[in-house]
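Structure file input-v4.txt; described as compact mmCIF, C-alpha atoms.
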```txt
# COMPACT_ATOMS: atom_id res chain seq x y z
CA MET Y 1 -11.30 197.70 61.19
CA GLN Y 2 -8.96 198.88 58.47
CA LEU Y 3 -5.51 197.49 59.25
CA GLN Y 4 -2.61 199.91 58.94
CA TYR Y 5 0.75 198.19 59.32
CA SER Y 6 3.89 199.54 60.93
CA PHE Y 7 7.09 197.47 60.88
CA ILE Y 8 9.00 198.04 64.13
CA ILE Y 9 12.71 197.18 63.92
CA PRO Y 10 15.21 197.80 66.73
CA VAL Y 11 18.85 197.68 65.65
CA PHE Y 12 22.11 197.59 67.55
CA ASN Y 13 25.42 197.78 65.64
CA ARG Y 14 24.10 195.89 62.60
CA PRO Y 15 24.11 198.20 59.55
CA LYS Y 16 24.80 195.38 57.07
CA GLU Y 17 21.93 193.27 58.33
CA ILE Y 18 19.45 196.15 58.43
CA ASP Y 19 20.42 196.84 54.81
CA GLU Y 20 19.42 193.29 53.82
CA LEU Y 21 16.15 193.52 55.75
CA LEU Y 22 15.20 196.88 54.23
CA GLN Y 23 15.97 195.59 50.74
CA SER Y 24 13.60 192.68 51.35
CA LEU Y 25 10.92 195.18 52.45
CA VAL Y 26 11.38 197.04 49.18
CA GLU Y 27 10.89 193.77 47.30
CA LEU Y 28 7.62 192.80 49.03
CA LYS Y 29 5.05 191.93 46.36
CA THR Y 30 2.00 193.72 47.71
CA ASP Y 31 -0.18 196.78 47.19
CA ILE Y 32 -0.68 197.09 50.94
CA LYS Y 33 0.73 200.33 52.28
CA PHE Y 34 2.99 200.19 55.33
CA GLU Y 35 5.51 202.23 57.25
CA VAL Y 36 8.89 201.21 58.66
CA VAL Y 37 10.08 202.46 62.06
CA ILE Y 38 13.78 201.92 62.81
CA VAL Y 39 14.93 202.40 66.41
CA GLU Y 40 18.70 202.61 66.84
CA ASP Y 41 19.32 201.35 70.39
CA GLY Y 42 22.41 203.35 71.30
CA SER Y 43 24.62 201.80 68.61
CA THR Y 44 28.27 202.79 68.32
CA ILE Y 45 28.13 201.74 64.64
CA THR Y 46 24.95 203.40 63.41
CA SER Y 47 22.73 202.46 60.48
CA LYS Y 48 21.78 206.05 59.56
CA THR Y 49 23.71 206.08 56.29
CA VAL Y 50 22.19 202.77 55.21
CA ILE Y 51 18.67 203.89 56.12
CA ASP Y 52 19.06 207.14 54.17
CA ASN Y 53 19.42 205.04 51.02
CA TYR Y 54 15.82 203.78 51.44
CA ILE Y 55 14.01 207.05 52.14
CA ILE Y 56 12.71 207.24 48.56
CA ASP Y 57 11.61 203.60 48.31
CA LEU Y 58 10.10 203.16 51.79
CA ASN Y 59 7.94 205.19 54.15
CA ILE Y 60 10.60 205.06 56.82
CA SER Y 61 11.23 206.80 60.14
CA TYR Y 62 14.51 206.65 62.05
CA PHE Y 63 15.03 207.24 65.76
CA PHE Y 64 18.23 207.13 67.82
CA LYS Y 65 18.01 206.59 71.58
CA ASN Y 66 20.10 205.47 74.54
CA ASN Y 67 20.77 201.74 74.88
CA THR Y 68 17.88 200.32 76.93
CA GLY Y 69 17.52 196.93 75.23
CA PRO Y 70 15.39 195.53 72.42
CA GLY Y 71 12.15 195.31 74.42
CA ASP Y 72 12.15 198.98 75.40
CA SER Y 73 13.27 199.93 71.86
CA ARG Y 74 10.27 198.10 70.38
CA ASN Y 75 7.99 199.92 72.83
CA TYR Y 76 9.60 203.20 71.76
CA GLY Y 77 9.00 202.38 68.11
CA MET Y 78 5.36 201.41 68.70
CA ARG Y 79 4.73 204.65 70.61
CA HIS Y 80 6.01 206.63 67.61
CA ALA Y 81 4.36 204.52 64.90
CA LYS Y 82 1.34 205.75 62.94
CA GLY Y 83 -0.25 202.35 62.23
CA ASN Y 84 -2.77 200.40 64.28
CA TYR Y 85 -1.08 197.00 63.87
CA PHE Y 86 2.63 196.58 64.57
CA ILE Y 87 4.86 193.94 62.99
CA ILE Y 88 8.03 193.47 65.02
CA LEU Y 89 11.17 192.07 63.39
CA ASP Y 90 14.75 191.49 64.45
CA SER Y 91 17.30 193.30 62.34
CA ASP Y 92 18.96 189.99 61.34
CA CYS Y 93 15.86 188.80 59.45
CA ILE Y 94 15.02 188.86 55.75
CA LEU Y 95 11.43 188.73 54.49
CA PRO Y 96 10.17 186.59 51.62
CA SER Y 97 8.23 188.60 49.03
CA HIS Y 98 4.85 187.14 50.07
CA TYR Y 99 5.21 187.92 53.79
CA LEU Y 100 2.85 190.88 54.20
CA ARG Y 101 0.22 189.37 51.90
CA GLU Y 102 0.07 186.29 54.11
CA VAL Y 103 -0.17 188.33 57.29
CA ASP Y 104 -2.93 190.52 55.90
CA LYS Y 105 -4.90 187.56 54.52
CA SER Y 106 -4.69 185.66 57.80
CA LEU Y 107 -5.72 188.61 59.97
CA LYS Y 108 -8.66 189.44 57.72
CA THR Y 109 -9.80 185.80 57.81
CA ASN Y 110 -9.15 185.03 61.48
CA TYR Y 111 -8.26 188.20 63.35
CA VAL Y 112 -6.10 188.02 66.47
CA ASP Y 113 -4.42 190.82 68.40
CA CYS Y 114 -1.07 189.03 68.43
CA PHE Y 115 0.53 186.60 66.00
CA GLY Y 116 3.87 184.96 65.41
CA GLY Y 117 5.51 183.41 62.40
CA PRO Y 118 8.17 180.71 61.93
CA ASP Y 119 11.76 181.20 60.89
CA THR Y 120 13.98 179.30 58.50
CA ALA Y 121 17.38 179.56 56.81
CA HIS Y 122 17.94 181.31 53.50
CA LYS Y 123 20.03 179.58 50.85
CA SER Y 124 22.63 182.37 51.12
CA PHE Y 125 23.30 181.68 54.82
CA SER Y 126 26.54 180.05 55.91
CA ASN Y 127 26.69 176.34 56.72
CA LEU Y 128 27.00 177.16 60.42
CA GLN Y 129 23.92 179.41 60.31
CA LYS Y 130 21.96 176.66 58.56
CA ALA Y 131 23.07 174.09 61.15
CA ILE Y 132 22.07 176.36 64.02
CA ASP Y 133 18.75 177.04 62.33
CA PHE Y 134 18.11 173.31 62.07
CA SER Y 135 18.95 172.82 65.74
CA MET Y 136 16.64 175.65 66.83
CA THR Y 137 13.65 174.75 64.65
CA SER Y 138 13.65 170.98 64.08
CA PHE Y 139 10.97 168.71 65.54
CA ILE Y 140 13.77 166.43 66.76
CA THR Y 141 15.11 169.14 69.12
CA THR Y 142 13.41 171.78 71.27
CA GLY Y 143 12.22 173.44 68.08
CA GLY Y 144 9.46 170.86 68.04
CA ILE Y 145 8.11 172.34 71.26
CA ARG Y 146 7.86 175.95 70.18
CA GLY Y 147 7.86 175.97 66.42
CA HIS Y 148 4.69 174.24 65.26
CA GLU Y 149 1.04 175.08 65.57
CA LYS Y 150 -0.08 171.73 67.01
CA SER Y 151 2.82 171.24 69.41
CA ILE Y 152 1.50 173.49 72.20
CA ASP Y 153 -1.92 174.56 73.38
CA LYS Y 154 -1.25 178.27 72.83
CA PHE Y 155 1.37 179.62 70.47
CA GLN Y 156 3.91 181.97 72.03
CA PRO Y 157 5.10 184.41 69.34
CA ARG Y 158 8.78 185.31 69.29
CA SER Y 159 9.85 188.90 68.78
CA PHE Y 160 12.03 188.20 65.74
CA ASN Y 161 8.72 187.76 63.84
CA MET Y 162 5.73 188.99 65.80
CA GLY Y 163 2.64 191.13 65.30
CA ILE Y 164 0.62 192.98 67.92
CA SER Y 165 -2.30 195.37 67.63
CA LYS Y 166 -2.00 198.90 68.96
CA GLU Y 167 -4.88 198.14 71.33
CA ALA Y 168 -3.08 195.13 72.81
CA PHE Y 169 0.15 197.10 73.10
CA VAL Y 170 -1.53 199.93 74.98
CA SER Y 171 -3.46 197.56 77.24
CA SER Y 172 -0.41 195.46 78.15
CA GLY Y 173 2.19 198.21 78.30
CA GLY Y 174 4.34 196.31 75.82
CA PHE Y 175 7.59 194.49 76.51
CA GLY Y 176 9.26 194.31 79.90
CA ASN Y 177 12.94 194.86 80.67
CA ILE Y 178 14.02 191.20 80.74
CA HIS Y 179 16.05 189.95 77.75
CA PRO Y 180 15.80 187.38 76.38
CA GLY Y 181 12.34 186.27 77.45
CA GLU Y 182 10.55 189.56 76.93
CA ASP Y 183 8.38 188.05 74.18
CA PRO Y 184 6.88 185.06 76.07
CA ASP Y 185 6.43 187.34 79.09
CA LEU Y 186 4.39 189.74 76.96
CA THR Y 187 2.40 186.89 75.39
CA ILE Y 188 1.45 185.44 78.78
CA ARG Y 189 0.33 188.86 80.01
CA LEU Y 190 -1.74 189.30 76.83
CA TRP Y 191 -3.46 185.97 77.53
CA GLY Y 192 -4.25 187.20 81.02
CA LEU Y 193 -5.91 190.26 79.49
CA GLY Y 194 -8.07 188.07 77.27
CA TYR Y 195 -6.23 188.53 73.98
CA LYS Y 196 -5.68 185.61 71.63
CA THR Y 197 -2.49 184.65 69.81
CA SER Y 198 -1.91 182.50 66.74
CA LEU Y 199 0.76 181.18 64.42
CA ILE Y 200 0.68 182.27 60.76
CA THR Y 201 2.66 179.43 59.22
CA LYS Y 202 3.16 181.05 55.81
CA ALA Y 203 4.42 184.32 57.29
CA PHE Y 204 7.94 183.02 57.87
CA VAL Y 205 11.19 184.97 57.92
CA TYR Y 206 14.74 184.04 57.07
CA HIS Y 207 16.54 184.39 60.39
CA LYS Y 208 20.34 184.60 60.47
CA ARG Y 209 20.69 183.87 64.19
CA ARG Y 210 24.19 183.66 65.68
CA VAL Y 211 27.32 183.35 63.57
CA SER Y 212 29.74 181.64 65.97
CA TRP Y 213 29.68 178.74 68.42
CA LYS Y 214 30.49 181.07 71.32
CA SER Y 215 27.67 183.52 70.61
CA PHE Y 216 25.22 180.66 70.00
CA TYR Y 217 26.10 179.07 73.36
CA LYS Y 218 25.73 182.42 75.11
CA GLN Y 219 22.31 182.92 73.53
CA VAL Y 220 20.85 179.51 74.42
CA ASN Y 221 22.39 179.67 77.91
CA LYS Y 222 20.45 182.88 78.50
CA PHE Y 223 17.30 181.23 77.16
CA GLY Y 224 17.79 178.52 79.77
CA MET Y 225 18.31 180.99 82.61
CA VAL Y 226 15.25 183.02 81.62
CA ARG Y 227 12.72 180.19 81.54
CA PRO Y 228 12.63 179.50 85.34
CA ILE Y 229 12.21 183.24 85.87
CA LEU Y 230 9.18 183.23 83.59
CA ASN Y 231 7.87 180.13 85.38
CA HIS Y 232 8.30 181.98 88.67
CA TRP Y 233 6.43 185.03 87.36
CA HIS Y 234 3.76 183.00 85.57
CA PRO Y 235 3.50 179.62 87.37
CA GLN Y 236 0.42 178.63 85.37
CA THR Y 237 2.63 178.27 82.27
CA ASN Y 238 5.18 175.89 83.83
CA LYS Y 239 5.57 172.74 81.70
CA LEU Y 240 7.53 169.52 82.05
CA THR Y 241 8.88 170.00 78.51
CA TYR Y 242 11.06 172.89 79.70
CA TRP Y 243 13.10 170.33 81.64
CA PHE Y 244 13.92 168.20 78.58
CA PRO Y 245 17.29 169.83 77.68
CA SER Y 246 18.48 169.61 81.28
CA LEU Y 247 17.42 165.96 81.55
CA PHE Y 248 19.11 165.28 78.21
CA VAL Y 249 22.38 166.76 79.50
CA LEU Y 250 22.25 164.93 82.84
CA GLY Y 251 21.42 161.67 81.09
CA PHE Y 252 24.29 162.14 78.64
CA ILE Y 253 26.78 162.68 81.47
CA ILE Y 254 25.45 159.61 83.28
CA ALA Y 255 25.67 157.60 80.05
CA ILE Y 256 29.37 158.47 79.69
CA LEU Y 257 30.07 157.49 83.31
CA PHE Y 258 28.20 154.21 82.89
CA TRP Y 259 30.26 153.46 79.76
CA PHE Y 260 33.37 153.23 81.94
CA LEU Y 261 31.46 150.86 84.21
CA ASN Y 262 30.91 148.65 81.17
CA PHE Y 263 27.21 149.55 80.89
CA LYS Y 264 27.09 150.75 77.30
CA TRP Y 265 23.43 150.68 76.31
CA LEU Y 266 22.57 154.13 77.60
CA LEU Y 267 25.32 155.84 75.60
CA ILE Y 268 24.43 153.72 72.57
CA GLY Y 269 20.90 155.14 72.89
CA TYR Y 270 22.32 158.65 72.68
CA LEU Y 271 24.47 157.72 69.70
CA LEU Y 272 21.37 156.38 67.98
CA TYR Y 273 19.62 159.71 68.61
CA PHE Y 274 22.51 161.57 66.97
CA VAL Y 275 22.42 159.24 63.97
CA ILE Y 276 18.70 159.92 63.57
CA ALA Y 277 19.32 163.66 63.96
CA LEU Y 278 22.02 163.50 61.27
CA LEU Y 279 19.66 161.71 58.87
CA VAL Y 280 16.80 164.14 59.56
CA ALA Y 281 19.16 167.09 59.03
CA LEU Y 282 20.35 165.56 55.77
CA LEU Y 283 16.75 165.13 54.63
CA VAL Y 284 15.84 168.71 55.55
CA THR Y 285 18.98 170.61 54.51
CA LYS Y 286 20.16 168.41 51.61
CA SER Y 287 23.72 169.09 52.75
CA LEU Y 288 26.12 166.63 54.38
CA VAL Y 289 28.28 169.46 55.75
CA VAL Y 290 25.32 171.20 57.37
CA SER Y 291 24.04 167.89 58.72
CA ILE Y 292 27.39 167.11 60.35
CA LEU Y 293 27.53 170.62 61.86
CA ALA Y 294 23.98 170.15 63.16
CA ILE Y 295 25.20 167.53 65.67
CA PRO Y 296 27.50 169.89 67.64
CA ALA Y 297 24.83 172.59 67.24
CA ILE Y 298 22.32 170.33 69.00
CA LEU Y 299 24.86 169.60 71.74
CA VAL Y 300 25.63 173.29 72.22
CA GLN Y 301 21.91 174.08 72.33
CA PHE Y 302 21.05 171.37 74.85
CA PHE Y 303 24.07 171.91 77.08
CA GLY Y 304 23.80 175.71 76.99
CA TYR Y 305 20.07 175.78 77.67
CA GLY Y 306 20.14 172.84 80.09
CA TYR Y 307 22.91 174.28 82.25
CA GLY Y 308 21.31 177.73 82.27
CA PHE Y 309 17.94 176.25 83.25
CA LEU Y 310 19.41 174.24 86.15
CA LYS Y 311 21.48 177.19 87.36
CA SER Y 312 18.47 179.51 87.36
CA THR Y 313 16.15 176.92 88.92
CA TRP Y 314 18.64 176.37 91.77
CA ALA Y 315 19.02 180.11 92.36
CA LEU Y 316 15.29 180.82 92.42
CA SER Y 317 13.82 177.67 93.98
CA VAL Y 318 16.55 176.68 96.44
CA LEU Y 319 18.47 179.87 97.22
CA ASN Y 320 15.39 182.13 96.89
CA LYS Y 321 17.38 184.73 94.99
CA ASN Y 322 15.88 187.82 93.41
CA PRO Y 323 16.34 187.18 89.67
CA GLU Y 324 16.96 190.82 88.78
CA HIS Y 325 19.72 191.06 91.39
CA TYR Y 326 21.20 187.58 90.84
CA PHE Y 327 21.11 187.70 87.01
CA PRO Y 328 21.64 191.41 86.17
CA GLN Y 329 22.85 190.44 82.68
CA LEU Y 330 19.28 189.38 81.85
CA PHE Y 331 17.73 192.77 82.62
CA PHE Y 332 18.03 196.15 80.95
CA LYS Y 333 17.57 199.27 83.03
CA GLN Y 334 15.11 201.53 81.24
CA LYS Y 335 16.36 205.12 81.26
```
Output the file's structure in the form of structure tokens.
Amino acid sequence: MQLQYSFIIPVFNRPKEIDELLQSLVELKTDIKFEVVIVEDGSTITSKTVIDNYIIDLNISYFFKNNTGPGDSRNYGMRHAKGNYFIILDSDCILPSHYLREVDKSLKTNYVDCFGGPDTAHKSFSNLQKAIDFSMTSFITTGGIRGHEKSIDKFQPRSFNMGISKEAFVSSGGFGNIHPGEDPDLTIRLWGLGYKTSLITKAFVYHKRRVSWKSFYKQVNKFGMVRPILNHWHPQTNKLTYWFPSLFVLGFIIAILFWFLNFKWLLIGYLLYFVIALLVALLVTKSLVVSILAIPAILVQFFGYGYGFLKSTWALSVLNKNPEHYFPQLFFKQK
């Protein structure tokens, strides 16, 4: 099969970031032809002017639609794309120049109908963005569960850097209306249909992620709330590792209480973990400032995710709530 690539990029109120992503697409070092499909998801600050600047350099299509969420916007883009293999990116990503070459080489060597790639921080990112990136991707945090090929039995691609064949898209119906969590939901359904997924380690993207503590907490808290819903929908994928952030948080609170009862070893164990995390961050980022910021980033990640996970587990498993009714903020209504 001759692969014809279409980049599918939903965007919502991010003209500056889409500008950086499109510039990186222009700078791809490859002879492989591709198209770019931009889907503006009901933005109040549109990217049309920015996109017009790239019409000469890129084979680009632009669509504006009502706000129905990133999952539905990706489906919209794939329905209007001309290629037979879709590469889905978040608008806050930047591609290295070798990206498409690595994707094409991997698929021609070991074809799969769905792949994912890692993310990392670009040198131009702020110290906070680099600290958050470390927290989200490091082996010493939950990044070790999702971010490496050998860490799980089947890799679950994430939609900030994900490829899917047109055949698999049509067969599965694409993304659902939950957000976040629409990408693992799609992956699990693809597995059920017999499609394989893989990680292309060299096809990484520079991912800006969130730019404030508040927005980062809100993001990881939603991740925590979504996971029990996915476990409820797909019980065969339930893993003990999903409980780790919650257990970390509960243990940390208990450690603080025990400190006042003059039992200090538990809290000392946590302090040792943070020292190790600081040293690992320093080794990886080569920055003391980023390494120091990584400690509160880890705390925000674990507390945000852990609390969201416990809250959602209680609502679904104990109160028997309907997730779409109880957590309406996690679902987009498709119009």
Closest of Y:Ser172, Y:Thr142, Y:Asn238, Y:Ser317 to Asn75 (chain Y) - atom-to-atom distances counting all atoms listed in the file: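 For Asn75 (chain Y), the nearest of the candidates is Y:Ser172.
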So that I can see what lies close to region 106-119 of chain Y, please list as number ranges by chain the residues with an atom at most 8 Å from it, counting all atoms listed in the file and leaving out residues fewer than 2 positions away in the same chain. Y: 102-104, 121, 137, 147, 155-159, 161-165, 167-168, 195-207
Compile the contact shell of region 132-135 of chain Y as a PyMOL selection string: residues with an atom at most 12 Å away, counting all atoms listed in the file, same-chain residues fewer than 5 positions apart removed. chain Y and resi 118-123+125-127+140-144+147+205-213+215-217+219-220+274+277-278+280-287+290-302
Could you please take those selected residues and save C-alpha atoms as an mmCIF file, keeping the file's coordinate frame?
```cif
data_model
loop_
_atom_site.group_PDB
_atom_site.id
_atom_site.type_symbol
_atom_site.label_atom_id
_atom_site.label_comp_id
_atom_site.auth_asym_id
_atom_site.auth_seq_id
_atom_site.Cartn_x
_atom_site.Cartn_y
_atom_site.Cartn_z
ATOM 1 C CA PRO Y 118 8.170 180.710 61.930
ATOM 2 C CA ASP Y 119 11.760 181.200 60.890
ATOM 3 C CA THR Y 120 13.980 179.300 58.500
ATOM 4 C CA ALA Y 121 17.380 179.560 56.810
ATOM 5 C CA HIS Y 122 17.940 181.310 53.500
ATOM 6 C CA LYS Y 123 20.030 179.580 50.850
ATOM 7 C CA PHE Y 125 23.300 181.680 54.820
ATOM 8 C CA SER Y 126 26.540 180.050 55.910
ATOM 9 C CA ASN Y 127 26.690 176.340 56.720
ATOM 10 C CA ILE Y 140 13.770 166.430 66.760
ATOM 11 C CA THR Y 141 15.110 169.140 69.120
ATOM 12 C CA THR Y 142 13.410 171.780 71.270
ATOM 13 C CA GLY Y 143 12.220 173.440 68.080
ATOM 14 C CA GLY Y 144 9.460 170.860 68.040
ATOM 15 C CA GLY Y 147 7.860 175.970 66.420
ATOM 16 C CA VAL Y 205 11.190 184.970 57.920
ATOM 17 C CA TYR Y 206 14.740 184.040 57.070
ATOM 18 C CA HIS Y 207 16.540 184.390 60.390
ATOM 19 C CA LYS Y 208 20.340 184.600 60.470
ATOM 20 C CA ARG Y 209 20.690 183.870 64.190
ATOM 21 C CA ARG Y 210 24.190 183.660 65.680
ATOM 22 C CA VAL Y 211 27.320 183.350 63.570
ATOM 23 C CA SER Y 212 29.740 181.640 65.970
ATOM 24 C CA TRP Y 213 29.680 178.740 68.420
ATOM 25 C CA SER Y 215 27.670 183.520 70.610
ATOM 26 C CA PHE Y 216 25.220 180.660 70.000
ATOM 27 C CA TYR Y 217 26.100 179.070 73.360
ATOM 28 C CA GLN Y 219 22.310 182.920 73.530
ATOM 29 C CA VAL Y 220 20.850 179.510 74.420
ATOM 30 C CA PHE Y 274 22.510 161.570 66.970
ATOM 31 C CA ALA Y 277 19.320 163.660 63.960
ATOM 32 C CA LEU Y 278 22.020 163.500 61.270
ATOM 33 C CA VAL Y 280 16.800 164.140 59.560
ATOM 34 C CA ALA Y 281 19.160 167.090 59.030
ATOM 35 C CA LEU Y 282 20.350 165.560 55.770
ATOM 36 C CA LEU Y 283 16.750 165.130 54.630
ATOM 37 C CA VAL Y 284 15.840 168.710 55.550
ATOM 38 C CA THR Y 285 18.980 170.610 54.510
ATOM 39 C CA LYS Y 286 20.160 168.410 51.610
ATOM 40 C CA SER Y 287 23.720 169.090 52.750
ATOM 41 C CA VAL Y 290 25.320 171.200 57.370
ATOM 42 C CA SER Y 291 24.040 167.890 58.720
ATOM 43 C CA ILE Y 292 27.390 167.110 60.350
ATOM 44 C CA LEU Y 293 27.530 170.620 61.860
ATOM 45 C CA ALA Y 294 23.980 170.150 63.160
ATOM 46 C CA ILE Y 295 25.200 167.530 65.670
ATOM 47 C CA PRO Y 296 27.500 169.890 67.640
ATOM 48 C CA ALA Y 297 24.830 172.590 67.240
ATOM 49 C CA ILE Y 298 22.320 170.330 69.000
ATOM 50 C CA LEU Y 299 24.860 169.600 71.740
ATOM 51 C CA VAL Y 300 25.630 173.290 72.220
ATOM 52 C CA GLN Y 301 21.910 174.080 72.330
ATOM 53 C CA PHE Y 302 21.050 171.370 74.850
#
```
Atom-to-atom span, CA of Gly42 (chain Y) and CA of Val170 (chain Y), Å: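 We find that CA of Gly42 (chain Y) and CA of Val170 (chain Y) lie 24.5 Å from each other.
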Just checking: using all atoms listed in the file, which residue out of Y:Asn320, Y:Gly304, Y:Phe160, Y:Asn67 ends up closest to Lys214 (chain Y)?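 Looking at the shortest contact to Lys214 (chain Y), the residue is Y:Gly304.
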Just the number, please: distance in Å from CA of His232 (chain Y) to CA of Arg74 (chain Y), one decimal.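 Answer for the CA of His232 (chain Y) to CA of Arg74 (chain Y) separation: 24.5 Å.
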Distance in Å - CA of Asp41 (chain Y) versus CA of Leu100 (chain Y): 25.4 Å
